[in-house]
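Structure first, then comments.
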Amino acid sequence: MHRHLLDVNTNLRSVVERTPDKVAAISRSRSLTYSQLDRRIDKVANALLASGLREGDAAAVFARNRIEWIELLFGCARAGVTCVPVNARFAQAEVDYVLQHSQPRLLVCEDELLDGLMAGGSPLDPSCIVVLGDRPGGLRAYEDWLAPASEKRVEVPSGIDTCWFLGYTSGTTGRPKAVIKTQHRLAVSALYAASAFGLRASDTSLIVMPLFHANGIFFQLVQLSVGGTIYVMEQFDAEEALRVIDQHRISFASLVPTMYSLIMDLPVAVSERYDRSSFRSLLSSSAPLAMATKYRMREFFPGAAMHEFYGATETGLVTHLAPADQMRKEASVGQAFPGVEVRLRRADGSESAVGEVGEIHARGVAFAYEGYYKDPELTARSFDADGWFSAGDLATRDDEGFFHLVDRKNDLIISGGENIYPTEVEGVLLGHPAIAEVAVVGEPDEKWGDRVCAVVRLHEGESLSAEQLRAWCRDRIASYKIPRKLLVWNEIPRNPTGKVLRRVIRERLRA
């Protein structure tokens with residue numbers, strides 16, 4: 001196999017050579033030029049190798065957004081080590097599952113997350129844990145781990161199937177799936193994306209989407225690949241986002257509709273303190289923008305071009321709604337993204353006609369054809385012999401090739417940009433002694449996209465409040481998965497075979 005293909009460090013190295021003194025990454029507390037970032041990435045790669053990791057081994061990162069994420073992501077890539085981003089919002093049981101499943105030989109953990117990790121009985125030996133922050137708790141501090149490492153250039157040649165990171169995404173069976181995301185495919189996709197969204201070296205991108213998610217990882221790669229600057233925001237706060245936009249002249253951001261709404265909902269007296277005229281491009285994903293939101297965005301961010309995309313962890317970008325089509329193609333997710341083919345199919349596999357509902361199938365140059373880690377059966381079911389993948393979403397296509405989502409065949413709930421599978425939440429709720437039956441659905445919410453709603457039938461003589469239910473969930477699942485609404489019904493709608501009729505539940509909620 002040819003081992004010198006384009007990988008995630010290729011373009012970064014070129015930028016370092018061209019503009020070594022340009023600022024590459026900024027956070028609230030520090031900044032790094034391209035040459036400084038490059039040296040620290042090499043130190044991370046050497047530190048990984050000095051810790052005994054070798055090509056194909058895994059290193060996990062359990063942290064909220066911070067500038068060290070960039071060093072660790074690229075450092076893992078240079079050492080040929082698979083990075084395992086762990087969702088910082090996961091409950092301890094979910095963290096334990098990811099660590100047991102991925103079997104990392106090293107874990108880099110943020111100090112503020114360390115107590116929960118250790119209290120739950122970390123599956124890793126303490127000698128394999130490195131701590132980010134000022135409170136290492138008797139374990140190795142990140143800077144101490146990095147200090148003795150060489151700055152000697154390290155670059156393990158990558159092949160087309162060399163894994164960069166495992167993207168854990170919610171699973172229909174209640175367990176997260178680990179999507180194998182490879183260096184070469186992401187490096188190619190980043191160049192396509194930079195072209196489609198018009199990103200260039202003069203841009204500064206706001207990175208506020210979590211860097212333990214594929215979206216955050218991908219868009220920092222896109223901006224750095226073309227020599228621009230990224231601002232890594234620790235966590236989303238609407239006013240803080242405006243302050244950063246003003247102070248650092250942010251010109252591009254990839255956010256979810258909820259975040260745009262929260263920014264625009266700030267009191268006028270607050271938002272008018274900050275200049276937001278630097279924005280050139282705004283990107284939205286996770287759910288189509290409502291037309292009312294688009295009109296507000298045009299007024300709030302005058303002169304900024306709006307983009308939307310539809311995709312999944314397994315695929316990356318599938319469709320793109322360009323600025324010129326935003327106001328004339330209401331509720332559309334756009335046309336096929338460059339390098340991607342999209343087809344709508346009937347249940348028998350034949351192609352749907354224009355205007356007819358069909359299941360979305362797509363294939364593309366950046367799709368995760370390596371599949372799911374440790375799950376060849378799911379991989380075989382998800383990708384057919386010709387490379388077509390389906391997430392189970394239903395859509396229509398118009399005569400110009402624009403796609404409109406109709407429903408989520410797999411009942412996925414997207415709340416504030418987070419994917420939530422009802423079966424996972426239902427499994428937790430059924431453990432409550434008062435609950436006999438449960439069905440979880442997404443209820444449309446203007447700000448969050450969806451909100452999680454639980455419909456339950458209680459055991460005879462039992463009672464249950466929404467607060468009691470939330471308390472039950474608090475230590476068992478991530479906070480964003482906890483139902484925001486509880487309805488107690490005498491009967492859960494089911495079909496003759498016993499399958500829960502979520503569509504009927506959603507219709508009743510809308511009535």
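Simple scheme: letters A, B, ... for chains in structure tokens order, numbers from 1 for residues in each chain, numbers from 1 for ligands in the order shown.
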Give me the residues near Gln468 in chain A as a PDB file with N, CA and C atoms, in the first residue's frame, where near means some atom within 12 Å (using only C-alpha atoms) and where sequence neighbours in that chain fewer than 6 positions away do not count.
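Contents of result34.pdb, as written:
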```pdb
ATOM      1  N   LEU A 429     -35.019   5.012  31.653  1.00  0.00           N
ATOM      2  CA  LEU A 429     -36.280   5.300  32.333  1.00  0.00           C
ATOM      3  C   LEU A 429     -36.973   4.028  32.810  1.00  0.00           C
ATOM      4  N   HIS A 432     -36.611   2.817  36.346  1.00  0.00           N
ATOM      5  CA  HIS A 432     -37.279   3.470  37.480  1.00  0.00           C
ATOM      6  C   HIS A 432     -38.412   2.565  37.975  1.00  0.00           C
ATOM      7  N   PRO A 433     -38.497   2.338  39.262  1.00  0.00           N
ATOM      8  CA  PRO A 433     -39.488   1.378  39.781  1.00  0.00           C
ATOM      9  C   PRO A 433     -40.942   1.768  39.545  1.00  0.00           C
ATOM     10  N   ALA A 434     -41.218   3.048  39.285  1.00  0.00           N
ATOM     11  CA  ALA A 434     -42.608   3.469  39.090  1.00  0.00           C
ATOM     12  C   ALA A 434     -43.082   3.296  37.649  1.00  0.00           C
ATOM     13  N   ILE A 435     -42.155   3.122  36.715  1.00  0.00           N
ATOM     14  CA  ILE A 435     -42.503   3.132  35.291  1.00  0.00           C
ATOM     15  C   ILE A 435     -42.733   1.718  34.764  1.00  0.00           C
ATOM     16  N   ARG A 474     -30.166  11.806  36.321  1.00  0.00           N
ATOM     17  CA  ARG A 474     -29.016  12.706  36.410  1.00  0.00           C
ATOM     18  C   ARG A 474     -27.664  11.997  36.409  1.00  0.00           C
ATOM     19  N   ILE A 482     -31.711  13.997  29.113  1.00  0.00           N
ATOM     20  CA  ILE A 482     -32.752  13.898  30.142  1.00  0.00           C
ATOM     21  C   ILE A 482     -34.041  14.555  29.638  1.00  0.00           C
ATOM     22  N   PRO A 483     -35.181  13.869  29.741  1.00  0.00           N
ATOM     23  CA  PRO A 483     -36.445  14.447  29.253  1.00  0.00           C
ATOM     24  C   PRO A 483     -36.752  15.792  29.896  1.00  0.00           C
ATOM     25  N   ARG A 484     -37.120  16.745  29.054  1.00  0.00           N
ATOM     26  CA  ARG A 484     -37.522  18.067  29.539  1.00  0.00           C
ATOM     27  C   ARG A 484     -39.020  18.098  29.855  1.00  0.00           C
ATOM     28  N   LYS A 485     -39.730  17.100  29.323  1.00  0.00           N
ATOM     29  CA  LYS A 485     -41.179  17.058  29.518  1.00  0.00           C
ATOM     30  C   LYS A 485     -41.586  15.634  29.857  1.00  0.00           C
ATOM     31  N   LEU A 486     -42.509  15.481  30.821  1.00  0.00           N
ATOM     32  CA  LEU A 486     -43.017  14.170  31.221  1.00  0.00           C
ATOM     33  C   LEU A 486     -44.531  14.166  31.099  1.00  0.00           C
TER      34      LEU A 486
END
```
Inset, instruction - Extract, using only C-alpha atoms, all DNA, RNA and protein residues at most 8 Å from Lys447 in chain A, discarding same-chain residues fewer than 6 positions from it, and format them as a list in words. - result: Pro257, Thr258, Ser261, Leu262 and Gly416 of chain A
Those selected residues, please, written with N, CA and C atoms and delivered as a tab-separated table (two decimals), in the first residue's frame.
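As a result, part_35.tsv now contains:
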```tsv
chain	number	residue	atom	x	y	z
A	257	PRO	N	-28.60	25.81	14.98
A	257	PRO	CA	-29.63	26.85	15.06
A	257	PRO	C	-29.88	27.37	16.46
A	258	THR	N	-29.81	26.48	17.45
A	258	THR	CA	-30.03	26.90	18.85
A	258	THR	C	-29.07	28.01	19.25
A	261	SER	N	-29.97	31.33	17.71
A	261	SER	CA	-31.15	31.90	18.38
A	261	SER	C	-30.79	32.51	19.73
A	262	LEU	N	-29.96	31.82	20.49
A	262	LEU	CA	-29.56	32.34	21.81
A	262	LEU	C	-28.79	33.66	21.68
A	416	GLY	N	-30.39	20.88	20.45
A	416	GLY	CA	-29.23	21.75	20.63
A	416	GLY	C	-27.99	21.23	19.94
```
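From CA of Ala91 in chain A back to CA of Gly116 in chain A, the distance works out to 9.1 Å.
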Legend entry - Near-range 17-30 of chain A list (12 Å; only C-alpha atoms; drop same-chain fewer than 3 positions) as a PyMOL selection string: chain A and resi 10-14+33-39+65-71+201-208+220-221+223-235+240-241+243-244+247-248+250
Inset, instruction - Quick one: everything within 10 Å of range 449-460 of chain A, counting only C-alpha atoms, minus sequence neighbours fewer than 6 positions away in the same chain. Send it as number ranges by chain. - result: A: 256-258, 286-290, 412-418, 420-422, 425-426, 429-430, 432-443, 466, 469, 480-492, 505-506, 509
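Residues in contact range of Gly137 in chain A, defined as at most 9 Å between only C-alpha atoms, with sequence neighbours fewer than 6 positions away removed, read Asp111, Leu114, Asp115 and Val131 of chain A.
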Inset, instruction - To one decimal in Å, tell me the separation between CA of Pro338 in chain A and CA of Thr319 in chain A. - result: 8.4 Å
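Reported to one decimal place, the separation of CA of Ala88 in chain A from CA of Gly133 in chain A is 14.9 Å.
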Legend entry - Which of range 75-282 of chain A DSSP labels strand (DSSP E or B), written as a ChimeraX atom specification: /A:82-86,106-110,129-132,140-141,163-169,177-182,204-207,229-232,252-255,281-282
Inset, instruction - Excluding Asp399 in chain A and any residue of its chain fewer than 4 positions from it, enumerate the residues within 10 Å of it, using only C-alpha atoms, and give them as a PyMOL selection string. - result: chain A and resi 353-355+403
Prev. selection, N, CA and C atoms, output as a tab-separated table (two decimals), in the first residue's frame:
```
chain	number	residue	atom	x	y	z
A	353	ALA	N	-39.10	9.07	-7.45
A	353	ALA	CA	-39.32	10.11	-8.45
A	353	ALA	C	-39.23	11.49	-7.80
A	354	VAL	N	-39.14	12.52	-8.64
A	354	VAL	CA	-39.14	13.89	-8.14
A	354	VAL	C	-40.41	14.13	-7.32
A	355	GLY	N	-40.25	14.67	-6.13
A	355	GLY	CA	-41.38	14.96	-5.26
A	355	GLY	C	-41.86	13.79	-4.43
A	403	PHE	N	-32.85	18.85	-1.87
A	403	PHE	CA	-33.46	17.86	-0.99
A	403	PHE	C	-34.16	18.54	0.19
```
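Here the question is which of A:Phe252, A:Tyr295, A:Tyr97, A:Trp388 gets nearest to Glu359 in chain A using only C-alpha atoms, and that residue is A:Trp388.
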